[in-house]
Every structure is written in structure tokens, then in C-alpha cells.
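K.L.:
Before I ask anything, let me first share the structure, which is written out below as C-alpha cells.
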Amino acid sequence: MTNRKLEINYKEYSSIEELEPRDRELVQAAFQAQKTSYAPYSHFNVGAAIRMENGVIVKGSNQENAASPSGLCAERTAMFAAGATYPGVPMLCMAIAGGPEFSLCDSPATPCGACRQVMAEYQKIGKKPMEIILMGNNKIWKFDKVEDVLPFIFDSI
């Protein structure tokens with residue numbers, strides 16, 4: 001038997017002002033997307049924004065449905081819209097903002113496992129790392145690639 005250690009590196013910022021302008025723009029787009037969330041059951045509103053390699057920003061928000069689990073997370077809403085609108089264009093960075101009643105959590109809200117797996121597939125299709133930025137009230141986390149939020153990615157393609 002061999003014990004192994006997994007280390008994940010990420011940057012932590014204390015405010016949006018510390019971000020580079022491109023990242024600040026994307027985080028603000030995610031926060032704006034959160035306002036379009038339809039979450040009458042969970043009351044947890046999430047917005048996501050993706051910067052495509054062509055410079056376009058694609059937004060999505062979580063959309064719930066009484067016939068659960070018919071709704072969809074903000075991250076997948078944004079990725080599926082980006083993939084359908086700009087097929088073959090790599091997704092370079094995704095910012096996520098979430099919290100109860102259109103606010104932000106103190107610590108960043110993190111994506112579910114299904115969303116992380118979809119991120120991994122789009123990163124592979126795009127053949128470029130997809131940065132992930134998670135926004136909270138008191139801190140912002142930035143990851144260099146999807147593997148940093150989903151170690152041991154399932155990869156069958």
C-alpha cells in the first residue's frame with residue numbers, strides 16, 4: 001500500500017476589486033445572471049457567466065420546476081447555451097455567484113458534481129484549461145482548471 005496526497009492550488013481574493021479587469025467583468029456578469037434565476041422552491045439563486053475564446057460572455061441561471069428534478073443548474077444552463085450557440089469555441093473561464101434570496105453566501109457557493117463533470121467534458125472538447133471563479137461575500141476563489149474542483153475526472157471520451 002502507498003499513501004498518496006492530493007493538493008489543490010487556488011487563489012483567494014478578499015474583494016472583487018482585487019481581481020483582474022477581465023475576471024471582474026465575468027464575476028459581475030455572473031452576479032447579474034443570478035437575478036434571472038427562477039428558484040421558488042429552494043430560494044437559492046445562482047448565476048453563471050462563461051467567457052468564450054471568441055470574447056463573448058454567455059450567461060445562465062438556475063431554473064427550478066415543480067416536477068423536480070426537471071430544473072437545471074446555472075452552470076449547465078450557461079454551458080449548454082454556450083455549446084449550442086458557439087459549437088467548437090473553447091470556454092476559457094466560468095464565474096459562479098450564488099446564495100439565498102438573490103444574495104451571496106459568505107463563502108463561495110460551489111458547483112454540484114454533475115455540473116463539475118459537464119465542465120470537465122467541455123474543457124476536454126475545447127482542448128484548453130477552463131478557469132473557475134467562485135464568488136462569495138467575503139472571499140472569491142479562482143481555480144486554474146476544472147481538475148482543481150473535480151479531481152479524478154470521469155473521462156470516457
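To be explicit about the labels: the chains of the C-alpha cells are called A, B, and onward in the order shown, and within each one the residues are counted from 1, while ligands get numbers from 1 in the order they are shown.
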Extract, using only C-alpha atoms, all DNA, RNA and protein residues at most 10 Å from Cys105 in chain A, discarding same-chain residues fewer than 4 positions from it, and format them as a CSV table (one decimal) with N, CA, C and O atoms, in the first residue's frame.
P.N.:
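This is the output file around21.csv:
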```csv
chain,number,residue,atom,x,y,z
A,44,PHE,N,-32.7,29.4,-3.5
A,44,PHE,CA,-31.2,29.6,-3.6
A,44,PHE,C,-30.9,29.9,-5.1
A,44,PHE,O,-31.1,29.1,-6.0
A,97,ALA,N,-21.9,32.8,-9.1
A,97,ALA,CA,-22.4,33.6,-8.0
A,97,ALA,C,-23.6,33.0,-7.5
A,97,ALA,O,-24.6,32.8,-8.2
A,98,GLY,N,-23.7,32.7,-6.2
A,98,GLY,CA,-24.9,32.0,-5.6
A,98,GLY,C,-25.2,32.3,-4.2
A,98,GLY,O,-24.2,32.6,-3.4
A,99,GLY,N,-26.5,32.3,-3.8
A,99,GLY,CA,-26.8,32.4,-2.4
A,99,GLY,C,-28.3,32.5,-2.3
A,99,GLY,O,-29.1,32.5,-3.3
A,100,PRO,N,-28.8,32.6,-1.1
A,100,PRO,CA,-30.3,32.6,-0.8
A,100,PRO,C,-30.9,34.0,-1.1
A,100,PRO,O,-30.3,35.0,-0.9
A,109,ALA,N,-20.4,29.7,-3.1
A,109,ALA,CA,-21.2,28.5,-3.4
A,109,ALA,C,-20.4,27.7,-4.4
A,109,ALA,O,-19.9,28.3,-5.4
A,135,MET,N,-17.7,33.1,-6.5
A,135,MET,CA,-17.8,34.4,-5.8
A,135,MET,C,-18.6,34.2,-4.5
A,135,MET,O,-19.7,33.6,-4.5
A,136,GLY,N,-18.1,34.8,-3.4
A,136,GLY,CA,-18.9,34.9,-2.2
A,136,GLY,C,-18.8,36.3,-1.6
A,136,GLY,O,-18.0,37.1,-2.2
A,137,ASN,N,-19.5,36.6,-0.6
A,137,ASN,CA,-19.5,37.9,0.0
A,137,ASN,C,-18.1,38.3,0.6
A,137,ASN,O,-17.6,39.4,0.4
A,138,ASN,N,-17.5,37.3,1.3
A,138,ASN,CA,-16.3,37.6,2.0
A,138,ASN,C,-15.0,37.1,1.3
A,138,ASN,O,-13.9,37.4,1.8
A,139,LYS,N,-15.2,36.3,0.2
A,139,LYS,CA,-14.0,35.8,-0.5
A,139,LYS,C,-14.4,35.3,-1.9
A,139,LYS,O,-15.5,35.0,-2.1
```
K.L.:
Would you list the contacts of Tyr38 in chain A as a list of chain:residue names, taking every protein, DNA or RNA residue within 8 Å and counting only C-alpha atoms, but skipping same-chain residues closer than 5 positions in sequence?
P.N.:
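So the residues in contact are A:Asn45, A:Ser61, A:Asn62, A:Gln63, A:Glu64.
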K.L.:
Dump as a Markdown table the rows for residues of range 45-106 of chain A within 9 Å of range 13-34 of chain A: closest atom pair and distance in Å with one decimal, only C-alpha atoms counted, ordered by chain and rising residue number.
P.N.:
```
| residue | atom | partner | partner_atom | distance |
| --- | --- | --- | --- | --- |
| A:Asn45 | CA | A:Gln34 | CA | 5.9 |
| A:Val46 | CA | A:Gln34 | CA | 4.9 |
| A:Gly47 | CA | A:Gln34 | CA | 3.7 |
| A:Ala48 | CA | A:Ala30 | CA | 4.5 |
| A:Ala49 | CA | A:Ala30 | CA | 4.7 |
| A:Ile50 | CA | A:Leu26 | CA | 7.2 |
| A:Arg51 | CA | A:Leu26 | CA | 7.1 |
| A:Ile57 | CA | A:Leu26 | CA | 7.5 |
| A:Val58 | CA | A:Ala29 | CA | 8.8 |
| A:Lys59 | CA | A:Ala33 | CA | 6.0 |
| A:Gly60 | CA | A:Ala33 | CA | 6.0 |
| A:Ser61 | CA | A:Gln34 | CA | 5.7 |
| A:Asn62 | CA | A:Gln34 | CA | 7.9 |
| A:Ala74 | CA | A:Gln34 | CA | 8.3 |
| A:Cys93 | CA | A:Leu26 | CA | 8.3 |
| A:Met94 | CA | A:Leu26 | CA | 7.6 |
| A:Ala95 | CA | A:Val27 | CA | 5.4 |
| A:Ile96 | CA | A:Ala30 | CA | 5.6 |
| A:Ala97 | CA | A:Phe31 | CA | 5.5 |
| A:Gly98 | CA | A:Gln34 | CA | 6.9 |
| A:Gly99 | CA | A:Gln34 | CA | 8.9 |
| A:Phe102 | CA | A:Gln34 | CA | 6.7 |
| A:Ser103 | CA | A:Gln34 | CA | 8.7 |
| A:Leu104 | CA | A:Phe31 | CA | 8.7 |
```
K.L.:
For a test of reading the model, state the distance in Å between CA of Thr85 in chain A and CA of Asn54 in chain A, rounded to one decimal.
P.N.:
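Here the two named atoms are 12.0 Å from each other.
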K.L.:
Just the residues within 9 Å of range 118-123 of chain A, please, counting only C-alpha atoms, with nothing from its chain fewer than 4 positions along; format it as a PyMOL selection string.
P.N.:
chain A and resi 75-76+79+83+90-92+113-114+127-130+145-147+150+153-155+157
K.L.:
Given the choices A:Ala78, A:Asn3, A:Asn65, A:Thr110, which gets closest to Phe143 in chain A if the distance is worked out from only C-alpha atoms?
P.N.:
A:Thr110
K.L.:
Taking the backbone alone, and naming residues the way the document does, which bits of range 35-143 of chain A are strand (DSSP E or B) by DSSP, as a PyMOL selection string?
P.N.:
chain A and resi 38+44-52+57-61+63+72+91-100+131-135+140-143
K.L.:
Could you please determine the separation between CA of Ala66 in chain A and CA of Pro108 in chain A in Å, to one decimal place?
P.N.:
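CA of Pro108 in chain A lies 26.6 Å from CA of Ala66 in chain A.
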K.L.:
DSSP on the backbone, alpha helix (DSSP H) only: what residues of chain A does that give? Format it as a ChimeraX atom specification.
P.N.:
/A:21-34,74-85,113-126
K.L.:
Could you work out how far CA of Gly55 in chain A lies from CA of Ile140 in chain A, giving the answer in Å with one decimal?
P.N.:
22.3 Å
